[in-house]
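Here is the file structure15.cif (mmCIF, C-alpha atoms).
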```cif
data_query
#
loop_
_atom_site.label_atom_id
_atom_site.label_comp_id
_atom_site.auth_asym_id
_atom_site.auth_seq_id
_atom_site.Cartn_x
_atom_site.Cartn_y
_atom_site.Cartn_z
CA MET A 1 0.00 0.00 0.00
CA PRO A 2 1.62 3.27 -1.09
CA LEU A 3 2.11 6.12 1.34
CA SER A 4 0.20 9.35 0.98
CA ASP A 5 2.02 12.58 0.17
CA HIS A 6 1.71 13.73 3.78
CA GLU A 7 3.15 10.45 5.09
CA GLN A 8 6.01 10.60 2.59
CA LYS A 9 6.80 14.17 3.68
CA ILE A 10 6.83 13.16 7.37
CA LEU A 11 9.05 10.17 6.58
CA ALA A 12 11.47 12.38 4.64
CA GLU A 13 11.64 14.82 7.57
CA LEU A 14 12.33 11.97 9.99
CA GLU A 15 15.06 10.62 7.75
CA GLU A 16 16.65 14.05 7.44
CA SER A 17 16.61 14.63 11.19
CA LEU A 18 18.08 11.17 11.80
CA SER A 19 20.84 11.88 9.31
CA LYS A 20 21.67 15.12 11.13
CA GLN A 21 21.54 13.60 14.63
CA ASP A 22 23.42 10.34 13.95
CA PRO A 23 25.02 10.25 10.50
CA ARG A 24 26.94 7.03 11.20
CA PHE A 25 23.76 5.13 12.08
CA ALA A 26 21.95 6.54 9.05
CA LYS A 27 24.81 5.42 6.79
CA ASN A 28 24.72 1.92 8.29
CA VAL A 29 20.97 1.68 7.72
CA ARG A 30 21.34 2.89 4.13
CA ASP A 31 24.19 0.48 3.35
CA THR A 32 22.68 -2.64 4.95
CA ASN A 33 20.39 -4.82 2.89
CA VAL A 34 18.95 -8.32 3.25
CA TYR A 35 21.98 -9.89 1.60
CA SER A 36 24.66 -8.29 3.77
CA HIS A 37 22.73 -8.89 7.01
CA SER A 38 22.08 -12.55 6.18
CA LEU A 39 25.67 -13.10 5.13
CA ARG A 40 26.88 -11.66 8.43
CA GLN A 41 24.51 -13.98 10.34
CA ILE A 42 25.71 -16.99 8.33
CA ARG A 43 29.34 -16.19 9.15
CA TRP A 44 28.55 -16.05 12.86
CA SER A 45 26.57 -19.28 12.68
CA VAL A 46 29.51 -21.05 11.00
CA VAL A 47 31.75 -19.84 13.83
CA GLY A 48 29.16 -21.10 16.35
CA PHE A 49 28.99 -24.47 14.60
CA VAL A 50 32.78 -24.86 14.75
CA VAL A 51 32.78 -23.88 18.44
CA GLY A 52 30.04 -26.44 19.13
CA LEU A 53 32.03 -29.09 17.26
CA ILE A 54 35.13 -28.29 19.30
CA ILE A 55 33.12 -28.52 22.52
CA LEU A 56 31.66 -31.85 21.40
CA VAL A 57 34.99 -33.40 20.42
CA THR A 58 36.95 -32.21 23.45
CA CYS A 59 34.35 -32.62 26.20
CA PHE A 60 32.13 -35.56 25.22
CA ALA A 61 34.42 -38.24 26.68
CA SER A 62 34.88 -36.49 30.00
CA ASN A 63 31.49 -34.82 30.51
CA LEU A 64 28.38 -36.02 28.73
CA TYR A 65 26.45 -32.79 29.46
CA LEU A 66 29.11 -30.59 27.85
CA GLY A 67 29.05 -32.85 24.80
CA ILE A 68 25.28 -32.48 24.57
CA ALA A 69 25.67 -28.71 24.96
CA GLY A 70 28.12 -28.78 22.02
CA VAL A 71 25.55 -30.64 19.91
CA ALA A 72 22.89 -28.08 20.91
CA VAL A 73 25.18 -25.20 19.87
CA MET A 74 25.85 -26.93 16.55
CA PHE A 75 22.13 -27.49 15.96
CA ALA A 76 21.21 -23.88 16.79
CA SER A 77 23.96 -22.59 14.51
CA ALA A 78 22.80 -24.82 11.65
CA VAL A 79 19.20 -23.63 12.05
CA ILE A 80 20.30 -19.97 12.02
CA ALA A 81 22.42 -20.53 8.90
CA GLU A 82 19.59 -22.36 7.13
CA ARG A 83 17.07 -19.62 7.88
CA ASN A 84 19.40 -16.92 6.61
CA VAL A 85 20.18 -18.86 3.42
CA ARG A 86 16.42 -19.12 2.81
CA ARG A 87 16.03 -15.39 3.49
CA MET A 88 18.75 -14.64 0.94
CA GLY A 89 17.00 -16.87 -1.58
CA LYS A 90 13.69 -15.10 -1.07
CA ALA A 91 15.22 -11.67 -1.44
CA SER A 92 14.52 -10.25 -4.83
CA TRP A 93 17.27 -8.96 -7.08
CA ARG A 94 16.19 -5.41 -6.31
CA ASP A 95 16.61 -5.97 -2.56
CA ILE A 96 20.09 -7.35 -3.06
CA MET A 97 21.19 -4.58 -5.43
CA ARG A 98 19.32 -1.79 -3.63
CA PRO A 99 21.29 1.44 -3.94
CA GLY A 100 21.79 3.49 -0.82
CA SER A 101 21.62 7.11 -1.83
CA GLY A 102 20.66 9.12 -4.87
CA ASP A 103 24.25 9.37 -6.08
CA ASP A 104 24.64 5.60 -5.85
CA ALA A 105 21.38 5.08 -7.69
CA SER A 106 22.50 7.18 -10.62
CA ARG A 107 25.89 5.45 -10.62
CA VAL A 108 24.28 2.00 -10.66
CA ASP A 109 21.83 3.06 -13.39
CA GLY A 110 24.71 4.44 -15.42
CA LYS A 111 26.71 1.23 -15.07
CA MET A 112 23.70 -0.88 -16.01
CA LYS A 113 23.12 1.30 -19.10
CA SER A 114 26.76 1.05 -20.14
CA LEU A 115 26.62 -2.74 -19.62
CA ARG A 116 23.51 -2.96 -21.83
CA ASP A 117 25.22 -0.82 -24.48
CA TRP A 118 28.33 -3.00 -24.39
CA VAL A 119 26.30 -6.22 -24.76
CA GLY A 120 24.34 -4.62 -27.61
CA LYS A 121 27.59 -3.74 -29.42
CA LEU A 122 28.86 -7.29 -28.97
CA ARG A 123 25.69 -8.67 -30.52
CA GLN A 124 25.91 -6.33 -33.53
CA ARG A 125 29.57 -7.08 -34.22
CA PRO A 126 30.06 -9.21 -37.36
CA ARG A 127 31.70 -12.58 -36.82
#
```
Please lay out the structure from this file as structure tokens.
Amino acid sequence: MPLSDHEQKILAELEESLSKQDPRFAKNVRDTNVYSHSLRQIRWSVVGFVVGLIILVTCFASNLYLGIAGVAVMFASAVIAERNVRRMGKASWRDIMRPGSGDDASRVDGKMKSLRDWVGKLRQRPR
């Protein structure tokens, strides 16, 4: 459902005030997309899986409960990784390639246009 003009104006004012108050946070929000967030979560879940495996291998013989805790850490890490891989798969191409600011948008559009032009020239070239 699209926003009304009044709601868009209020949202723009909020964004502007946030950019003035905390520019670092605003930049992080602009630069983060579904892909980068999910990739970061997958990296941490791989680290958690390895830690769980180390706990399992080193502690299972001496303490059964620590071994079970290692298996639980591995399972939780695998579930987190699986969910984030699914989230990345569901993300549309536009979410992944979402430009942050107006300058970036024009730069991406320009690169896409030059890529289309280059492919068009390759197709027209006689063999």
Pick from A:His6, A:Val73, A:Arg123, A:Ser17 nearest to Val46 (chain A), counting all atoms listed in the file: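 Comparing A:His6, A:Val73, A:Arg123, A:Ser17 against Val46 (chain A), the winner is A:Val73.
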Kindly give the distance, in Å, that separates CA of Ala12 (chain A) and CA of His37 (chain A), rounded to a single decimal. 24.2 Å
Provide an axis-aligned box for all listed atoms of region 19-32 of chain A, padding each side by 3 Å; report its centre and its edge lengths in Å to one decimal, as lines of an AutoDock Vina configuration file.
```
center_x = 23.9
center_y = 6.2
center_z = 9.0
size_x = 12.1
size_y = 23.8
size_z = 17.3
```
How many Å lie between CA of Val71 (chain A) and CA of Val51 (chain A), rounded to one decimal? 10.0 Å
To test your reading of the syntax: which residues would the PyMOL selection byres ((chain A and resi 50) around 12) return for the file shown? Reply as a PyMOL selection string. chain A and resi 43-49+51-57+70-71+73-78
Tell me which residues the PyMOL selection byres ((chain A and resi 84) around 8) grabs here, as a PyMOL selection string. chain A and resi 38-39+41-42+80-83+85-88
